Amino acid sequence: MADALSAASPLVIWTSLGFICGRWLPAVIPQWLGRGLYWVGVPIQIFALVRQTNFAGLIWLAPVLAFVALTVGYTLAQGLYHWQKRYFQPQWLQYTPPFLTSTVPEGESRRFQGSYLIASILGNTGFVGLGVSIPLLSATALPWAAFYAITQNALGTYGLGSFLGQYYGKGNDQPWWRALMVIPTVPTLWASMAGFATHDLGFPAVIDRLCETDIHLVIPFAFVLTGIRLSRLPGWQSFRMAVVPMLVKTLLLPLAMIGITYGLGLRGDDLLAIAIMAGTPTAFAALILAEEYELNTDLPPAVIALSTLSFVGVLPLWVFLCRQVLT
């Protein structure tokens with residue numbers, strides 16, 4: 001429990017700092033910070049982690065589990081969406097979502113459903129997930145988190161996320177396969193390949209030190225960026241309709257993945273790595289995709305905010321289950 005609180009404290013401290021300062025900073029600051037982390041900081045972090053990894057064992061299973069998590073998350077979100085649509089009355093929510101009203105055009109209902117699914121599935125594995133995993137997990141378990149993050153970034157955000165945006169969005173007549181064309185441009189994918197290619201090569205000590213420094217700098221910068229973006233999110237009135245996507249992302253999905261990976265024989269920190277990455281808060285890419293494909297833009301900000309708070313609350317539970325109960 002103490003380990004979980006210690007790992008979550010940088011998330012709370014740095015995110016709070018970003019949230020407090022966010023509204024006073026020029027808009028260009030989070031843009032530069034985000035692009036710098038995406039193109040430089042996180043790729044170097046992934047490169048260093050891959051180079052430090054011992055590939056003996058079942059670490060190759062991590063990308064498979066990330067794909068399974070995307071499938072399970074989609075199934076849970078889609079099932080709960082139709083369950084709400086069938087059984088809940090409009091007065092249950094302060095903000096009435098499109099699928100609970102009979103007067104909203106079908107196109108609006110589809111756009112809401114697209115945002116609902118994306119916000120329930122896509123996790124912030126690169127910034128929050130790795131930021132929490134690095135101080136919390138053992139060195140042998142970190143590769144599970146790193147490879148999961150790479151797969152989630154490539155197949156989740158730029159694969160399934162773009163596909164859902166194209167399918168449910170407004171005025172997107174491009175073929176679905178174009179969404180997959182962006183995958184080769186993902187910098188973390190190239191960084192991981194470079195890490196594989198140079199795994200057995202010796203680098204000068206100064207390069208290794210720079211990589212290690214990058215790992216420790218990326219974490220606070222990523223959390224500060226999270227806080228800045230949280231401070232600028234619109235659509236706060238939609239919190240109530242964000243409860244179910246938040247539960248899918250930070251509770252139901254990690255519980256399902258814990259059950260699956262436990263059944264496959266993973267224990268201890270290896271199991272915890274999958275639980276953390278599956279339960280990371282909703283990615284900011286959910287809002288970006290909603291804006292890009294003209295989906296509902298009220299829902300993703302609320303899910304991002306609630307899931308970030310929820311993640312801090314349930315992280316000690318995953319640590320307790322994986323290290324004390326499921327041993």
# chains A, B, ... in the order shown; residues from 1 in each chain; ligands from 1
>>> residues_around(residues="Gly114 in chain A", least_positions_apart="5", cutoff="8 Å", atoms="only C-alpha atoms", output="tab-separated table (two decimals) with all heavy atoms, in the first residue's frame")
chain	number	residue	atom	x	y	z
A	164	LEU	N	-12.86	3.98	-35.13
A	164	LEU	CA	-14.14	4.33	-34.53
A	164	LEU	C	-14.53	5.77	-34.85
A	164	LEU	O	-15.70	6.08	-35.06
A	164	LEU	CB	-14.09	4.12	-33.01
A	164	LEU	CG	-13.98	2.67	-32.54
A	164	LEU	CD1	-13.77	2.62	-31.02
A	164	LEU	CD2	-15.23	1.89	-32.92
A	165	GLY	N	-13.53	6.67	-34.85
A	165	GLY	CA	-13.81	8.05	-35.22
A	165	GLY	C	-14.33	8.15	-36.64
A	165	GLY	O	-15.29	8.88	-36.92
A	167	TYR	N	-15.79	5.76	-38.33
A	167	TYR	CA	-17.06	5.03	-38.47
A	167	TYR	C	-18.23	5.82	-37.89
A	167	TYR	O	-19.31	5.86	-38.48
A	167	TYR	CB	-16.94	3.68	-37.78
A	167	TYR	CG	-18.17	2.80	-37.94
A	167	TYR	CD1	-18.43	2.16	-39.14
A	167	TYR	CD2	-19.06	2.64	-36.88
A	167	TYR	CE1	-19.56	1.37	-39.29
A	167	TYR	CE2	-20.18	1.85	-37.01
A	167	TYR	CZ	-20.43	1.21	-38.22
A	167	TYR	OH	-21.55	0.43	-38.35
A	168	TYR	N	-18.02	6.43	-36.71
A	168	TYR	CA	-19.13	7.11	-36.03
A	168	TYR	C	-19.15	8.62	-36.29
A	168	TYR	O	-20.12	9.29	-35.95
A	168	TYR	CB	-19.05	6.89	-34.52
A	168	TYR	CG	-19.40	5.48	-34.10
A	168	TYR	CD1	-18.40	4.55	-33.80
A	168	TYR	CD2	-20.73	5.08	-33.99
A	168	TYR	CE1	-18.72	3.26	-33.41
A	168	TYR	CE2	-21.06	3.80	-33.59
A	168	TYR	CZ	-20.06	2.89	-33.31
A	168	TYR	OH	-20.38	1.61	-32.93
A	169	GLY	N	-18.09	9.15	-36.87
A	169	GLY	CA	-17.99	10.59	-37.02
A	169	GLY	C	-18.84	11.16	-38.14
A	169	GLY	O	-19.46	10.44	-38.93
A	295	LEU	N	-17.10	14.04	-33.38
A	295	LEU	CA	-17.92	13.26	-32.46
A	295	LEU	C	-18.44	14.18	-31.37
A	295	LEU	O	-18.23	15.39	-31.41
A	295	LEU	CB	-17.07	12.14	-31.85
A	295	LEU	CG	-16.43	11.14	-32.83
A	295	LEU	CD1	-15.46	10.23	-32.09
A	295	LEU	CD2	-17.49	10.32	-33.56
A	296	ASN	N	-19.12	13.62	-30.37
A	296	ASN	CA	-19.57	14.41	-29.23
A	296	ASN	C	-18.35	14.86	-28.42
A	296	ASN	O	-17.55	14.03	-28.00
A	296	ASN	CB	-20.50	13.56	-28.36
A	296	ASN	CG	-21.02	14.32	-27.16
A	296	ASN	OD1	-20.29	14.56	-26.20
A	296	ASN	ND2	-22.28	14.71	-27.20
>>> residues_around(residues="Ile304 in chain A", least_positions_apart="2", cutoff="12 Å", atoms="only C-alpha atoms", output="number ranges by chain")
A: 115-116, 118-124, 128, 226-227, 229-236, 238-239, 242-243, 245-247, 249-250, 280-288, 297-302, 306-311
>>> write_last_selection(atoms="C-alpha atoms", output="PDB file, in the first residue's frame")
ATOM      1  CA  SER A 115     -17.095   9.300 -28.138  1.00  0.00           C
ATOM      2  CA  TYR A 116     -18.490   6.922 -25.522  1.00  0.00           C
ATOM      3  CA  ILE A 118     -13.311   5.805 -27.504  1.00  0.00           C
ATOM      4  CA  ALA A 119     -13.339   7.303 -24.000  1.00  0.00           C
ATOM      5  CA  SER A 120     -14.002   3.853 -22.509  1.00  0.00           C
ATOM      6  CA  ILE A 121     -11.162   2.107 -24.367  1.00  0.00           C
ATOM      7  CA  LEU A 122      -8.175   4.395 -24.938  1.00  0.00           C
ATOM      8  CA  GLY A 123      -5.824   4.730 -21.972  1.00  0.00           C
ATOM      9  CA  ASN A 124      -3.100   7.229 -21.141  1.00  0.00           C
ATOM     10  CA  VAL A 128       0.424   8.311 -16.760  1.00  0.00           C
ATOM     11  CA  THR A 226      -1.804  16.267 -17.715  1.00  0.00           C
ATOM     12  CA  GLY A 227      -2.680  18.898 -15.122  1.00  0.00           C
ATOM     13  CA  ARG A 229      -4.836  19.952 -20.013  1.00  0.00           C
ATOM     14  CA  LEU A 230      -7.224  19.054 -17.214  1.00  0.00           C
ATOM     15  CA  SER A 231      -7.411  22.724 -16.218  1.00  0.00           C
ATOM     16  CA  ARG A 232      -8.523  23.653 -19.732  1.00  0.00           C
ATOM     17  CA  LEU A 233     -11.069  20.938 -20.395  1.00  0.00           C
ATOM     18  CA  PRO A 234     -14.519  22.112 -21.489  1.00  0.00           C
ATOM     19  CA  GLY A 235     -17.766  20.263 -20.935  1.00  0.00           C
ATOM     20  CA  TRP A 236     -17.715  19.950 -17.139  1.00  0.00           C
ATOM     21  CA  SER A 238     -21.332  16.197 -18.527  1.00  0.00           C
ATOM     22  CA  PHE A 239     -19.848  14.488 -15.458  1.00  0.00           C
ATOM     23  CA  ALA A 242     -19.135  10.040 -17.812  1.00  0.00           C
ATOM     24  CA  VAL A 243     -19.529   7.727 -14.812  1.00  0.00           C
ATOM     25  CA  PRO A 245     -17.155   5.034 -19.250  1.00  0.00           C
ATOM     26  CA  MET A 246     -14.960   5.875 -16.258  1.00  0.00           C
ATOM     27  CA  LEU A 247     -15.972   2.639 -14.521  1.00  0.00           C
ATOM     28  CA  LYS A 249     -11.787   2.236 -18.086  1.00  0.00           C
ATOM     29  CA  THR A 250     -10.449   2.231 -14.531  1.00  0.00           C
ATOM     30  CA  THR A 280      -4.849   3.977 -16.882  1.00  0.00           C
ATOM     31  CA  PRO A 281      -7.079   7.056 -17.183  1.00  0.00           C
ATOM     32  CA  THR A 282      -8.714   7.877 -20.490  1.00  0.00           C
ATOM     33  CA  ALA A 283      -6.174   9.281 -22.931  1.00  0.00           C
ATOM     34  CA  PHE A 284      -6.323  12.896 -24.072  1.00  0.00           C
ATOM     35  CA  ALA A 285      -6.339  11.419 -27.555  1.00  0.00           C
ATOM     36  CA  ALA A 286     -10.028  10.659 -26.937  1.00  0.00           C
ATOM     37  CA  LEU A 287     -10.771  14.403 -27.003  1.00  0.00           C
ATOM     38  CA  ILE A 288      -8.474  14.959 -29.980  1.00  0.00           C
ATOM     39  CA  THR A 297     -17.020  16.686 -27.515  1.00  0.00           C
ATOM     40  CA  ASP A 298     -18.774  17.021 -24.129  1.00  0.00           C
ATOM     41  CA  LEU A 299     -18.191  13.454 -22.980  1.00  0.00           C
ATOM     42  CA  PRO A 300     -14.390  12.884 -23.356  1.00  0.00           C
ATOM     43  CA  PRO A 301     -13.287  15.783 -21.082  1.00  0.00           C
ATOM     44  CA  ALA A 302     -15.503  14.580 -18.255  1.00  0.00           C
ATOM     45  CA  LEU A 306     -13.088  11.407 -13.581  1.00  0.00           C
ATOM     46  CA  SER A 307     -10.868   8.538 -14.707  1.00  0.00           C
ATOM     47  CA  THR A 308      -7.735  10.418 -13.608  1.00  0.00           C
ATOM     48  CA  LEU A 309      -9.160  10.833 -10.102  1.00  0.00           C
ATOM     49  CA  SER A 310     -10.419   7.244 -10.090  1.00  0.00           C
ATOM     50  CA  PHE A 311      -7.029   5.873 -11.135  1.00  0.00           C
TER      51      PHE A 311
END
>>> closest_residue(among="A:Cys211, A:Leu289, A:Leu255, A:Leu61", to="Cys322 in chain A", atoms="only C-alpha atoms")
A:Leu255
>>> residues_around(residues="Phe47 in chain A", least_positions_apart="6", cutoff="10 Å", atoms="only C-alpha atoms", output="mmCIF file with N, CA, C and O atoms, in the first residue's frame")
data_model
loop_
_atom_site.group_PDB
_atom_site.id
_atom_site.type_symbol
_atom_site.label_atom_id
_atom_site.label_comp_id
_atom_site.auth_asym_id
_atom_site.auth_seq_id
_atom_site.Cartn_x
_atom_site.Cartn_y
_atom_site.Cartn_z
ATOM 1 N N ALA A 146 6.063 -1.324 -20.785
ATOM 2 C CA ALA A 146 6.556 -0.603 -21.957
ATOM 3 C C ALA A 146 5.970 -1.171 -23.246
ATOM 4 O O ALA A 146 5.500 -0.422 -24.114
ATOM 5 N N THR A 188 7.122 6.160 -30.884
ATOM 6 C CA THR A 188 7.486 5.140 -29.906
ATOM 7 C C THR A 188 7.694 3.783 -30.566
ATOM 8 O O THR A 188 8.473 2.955 -30.064
ATOM 9 N N LEU A 189 7.007 3.540 -31.666
ATOM 10 C CA LEU A 189 7.197 2.286 -32.386
ATOM 11 C C LEU A 189 8.611 2.206 -32.953
ATOM 12 O O LEU A 189 9.300 1.181 -32.837
ATOM 13 N N TRP A 190 9.072 3.301 -33.563
ATOM 14 C CA TRP A 190 10.430 3.344 -34.102
ATOM 15 C C TRP A 190 11.462 3.289 -32.980
ATOM 16 O O TRP A 190 12.539 2.678 -33.140
ATOM 17 N N ALA A 191 11.160 3.933 -31.862
ATOM 18 C CA ALA A 191 12.080 3.902 -30.729
ATOM 19 C C ALA A 191 12.253 2.485 -30.193
ATOM 20 O O ALA A 191 13.362 2.061 -29.847
ATOM 21 N N SER A 192 11.154 1.743 -30.122
ATOM 22 C CA SER A 192 11.248 0.365 -29.641
ATOM 23 C C SER A 192 12.044 -0.499 -30.605
ATOM 24 O O SER A 192 12.848 -1.345 -30.191
ATOM 25 N N MET A 193 11.861 -0.286 -31.907
ATOM 26 C CA MET A 193 12.622 -1.042 -32.902
ATOM 27 C C MET A 193 14.115 -0.720 -32.800
ATOM 28 O O MET A 193 14.967 -1.619 -32.914
ATOM 29 N N ALA A 194 14.441 0.559 -32.572
ATOM 30 C CA ALA A 194 15.840 0.938 -32.405
ATOM 31 C C ALA A 194 16.429 0.304 -31.145
ATOM 32 O O ALA A 194 17.590 -0.118 -31.123
ATOM 33 N N GLY A 195 15.614 0.227 -30.081
ATOM 34 C CA GLY A 195 16.064 -0.417 -28.861
ATOM 35 C C GLY A 195 16.356 -1.896 -29.071
ATOM 36 O O GLY A 195 17.354 -2.431 -28.570
ATOM 37 N N PHE A 196 15.480 -2.566 -29.841
ATOM 38 C CA PHE A 196 15.716 -3.968 -30.179
ATOM 39 C C PHE A 196 17.014 -4.118 -30.970
ATOM 40 O O PHE A 196 17.835 -5.004 -30.699
ATOM 41 N N THR A 198 19.662 -2.311 -31.143
ATOM 42 C CA THR A 198 20.915 -1.978 -30.452
ATOM 43 C C THR A 198 21.008 -2.629 -29.078
ATOM 44 O O THR A 198 21.831 -2.228 -28.255
ATOM 45 N N HIS A 199 20.167 -3.622 -28.845
ATOM 46 C CA HIS A 199 20.067 -4.210 -27.511
ATOM 47 C C HIS A 199 21.407 -4.738 -27.009
ATOM 48 O O HIS A 199 21.755 -4.590 -25.824
ATOM 49 N N CYS A 211 19.999 8.872 -21.354
ATOM 50 C CA CYS A 211 18.755 8.098 -21.444
ATOM 51 C C CYS A 211 18.126 7.940 -20.061
ATOM 52 O O CYS A 211 16.902 8.063 -19.905
ATOM 53 N N ILE A 215 14.401 9.405 -18.626
ATOM 54 C CA ILE A 215 13.355 8.630 -17.961
ATOM 55 C C ILE A 215 12.824 9.378 -16.744
ATOM 56 O O ILE A 215 11.607 9.455 -16.521
#
>>> closest_residue(among="A:Phe127, A:Tyr262, A:Trp318, A:Tyr81", to="Ile150 in chain A", atoms="only C-alpha atoms")
A:Phe127
>>> closest_residue(among="A:Gly34, A:Gly57, A:Gly41, A:Gly156", to="Thr71 in chain A", atoms="only C-alpha atoms")
A:Gly156
>>> atom_distance(atom1="CA of Gly202 in chain A", atom2="CA of Val50 in chain A")
13.9 Å
>>> residues_around(residues="Val72 in chain A", least_positions_apart="6", cutoff="9 Å", atoms="only C-alpha atoms", output="number ranges by chain")
A: 121, 253, 256-257
>>> write_last_selection(atoms="N, CA and C atoms", output="mmCIF file, in the first residue's frame")
data_model
loop_
_atom_site.group_PDB
_atom_site.id
_atom_site.type_symbol
_atom_site.label_atom_id
_atom_site.label_comp_id
_atom_site.auth_asym_id
_atom_site.auth_seq_id
_atom_site.Cartn_x
_atom_site.Cartn_y
_atom_site.Cartn_z
ATOM 1 N N ILE A 121 -12.169 3.085 -23.928
ATOM 2 C CA ILE A 121 -11.162 2.107 -24.367
ATOM 3 C C ILE A 121 -9.753 2.653 -24.297
ATOM 4 N N LEU A 253 -12.381 -2.963 -16.787
ATOM 5 C CA LEU A 253 -11.364 -3.468 -17.715
ATOM 6 C C LEU A 253 -10.133 -4.007 -16.985
ATOM 7 N N ALA A 256 -10.997 -7.335 -15.417
ATOM 8 C CA ALA A 256 -11.076 -8.394 -16.421
ATOM 9 C C ALA A 256 -9.688 -8.846 -16.852
ATOM 10 N N MET A 257 -8.768 -7.887 -17.044
ATOM 11 C CA MET A 257 -7.424 -8.239 -17.487
ATOM 12 C C MET A 257 -6.634 -8.928 -16.375
#
>>> select_by_dssp(residues="range 63-293 of chain A", states="alpha helix (DSSP H)", output="PyMOL selection string")
chain A and resi 63-87+106-121+130-136+142-151+162-168+187-197+205-231+243-247+253-263+268-278+285-292
>>> atom_distance(atom1="CA of Ile219 in chain A", atom2="CA of Ala77 in chain A")
29.6 Å
>>> closest_residue(among="A:Thr185, A:Thr327, A:Asn153, A:Gln45", to="Val218 in chain A", atoms="only C-alpha atoms")
A:Gln45
>>> residues_around(residues="Ile134 in chain A", least_positions_apart="2", cutoff="9 Å", atoms="only C-alpha atoms", output="list in words")
Ala7, Gly129, Leu130, Gly131, Val132, Leu136, Leu137, Ser138, Ala139, Leu142, Ala145, Ile215, His216 and Ile219 of chain A
>>> write_last_selection(atoms="N, CA, C and O atoms", output="short mmCIF file (atom, residue, chain, number, x, y, z; two decimals), in the first residue's frame")
data_model
loop_
_atom_site.label_atom_id
_atom_site.label_comp_id
_atom_site.auth_asym_id
_atom_site.auth_seq_id
_atom_site.Cartn_x
_atom_site.Cartn_y
_atom_site.Cartn_z
N ALA A 7 4.14 5.79 -5.36
CA ALA A 7 4.15 5.90 -6.81
C ALA A 7 3.12 6.90 -7.31
O ALA A 7 3.33 7.56 -8.33
N GLY A 129 0.59 5.96 -17.42
CA GLY A 129 0.90 4.56 -17.19
C GLY A 129 2.38 4.31 -16.92
O GLY A 129 2.75 3.72 -15.89
N LEU A 130 3.24 4.77 -17.82
CA LEU A 130 4.68 4.59 -17.62
C LEU A 130 5.19 5.45 -16.46
O LEU A 130 6.10 5.05 -15.75
N GLY A 131 4.59 6.61 -16.28
CA GLY A 131 5.02 7.47 -15.19
C GLY A 131 4.82 6.84 -13.83
O GLY A 131 5.64 7.02 -12.92
N VAL A 132 3.76 6.08 -13.65
CA VAL A 132 3.50 5.38 -12.39
C VAL A 132 4.27 4.06 -12.33
O VAL A 132 4.76 3.66 -11.28
N LEU A 136 7.25 2.19 -9.50
CA LEU A 136 6.51 1.19 -8.72
C LEU A 136 6.92 -0.24 -9.04
O LEU A 136 7.02 -1.08 -8.14
N LEU A 137 7.18 -0.54 -10.31
CA LEU A 137 7.41 -1.92 -10.72
C LEU A 137 8.89 -2.31 -10.61
O LEU A 137 9.77 -1.46 -10.65
N SER A 138 9.12 -3.59 -10.52
CA SER A 138 10.49 -4.10 -10.53
C SER A 138 11.07 -3.99 -11.93
O SER A 138 10.33 -3.83 -12.91
N ALA A 139 12.39 -4.08 -12.04
CA ALA A 139 13.05 -3.95 -13.34
C ALA A 139 12.61 -5.03 -14.31
O ALA A 139 12.52 -4.80 -15.52
N LEU A 142 9.00 -4.01 -15.75
CA LEU A 142 8.84 -2.79 -16.54
C LEU A 142 8.63 -3.06 -18.03
O LEU A 142 7.82 -2.36 -18.67
N ALA A 145 5.04 -3.31 -19.06
CA ALA A 145 4.36 -2.02 -19.17
C ALA A 145 4.77 -1.29 -20.45
O ALA A 145 3.94 -0.71 -21.14
N ILE A 215 14.40 9.40 -18.63
CA ILE A 215 13.35 8.63 -17.96
C ILE A 215 12.82 9.38 -16.74
O ILE A 215 11.61 9.46 -16.52
N HIS A 216 13.73 9.97 -15.97
CA HIS A 216 13.31 10.65 -14.74
C HIS A 216 12.72 12.03 -15.01
O HIS A 216 11.94 12.53 -14.18
N ILE A 219 8.69 11.86 -16.55
CA ILE A 219 7.58 11.62 -15.62
C ILE A 219 6.97 12.92 -15.09
O ILE A 219 5.76 13.15 -15.26
#
>>> atom_distance(atom1="CA of Leu225 in chain A", atom2="CA of Thr15 in chain A")
7.3 Å
>>> residues_around(residues="Val319 in chain A", least_positions_apart="2", cutoff="9 Å", atoms="only C-alpha atoms", output="count of residues only")
16
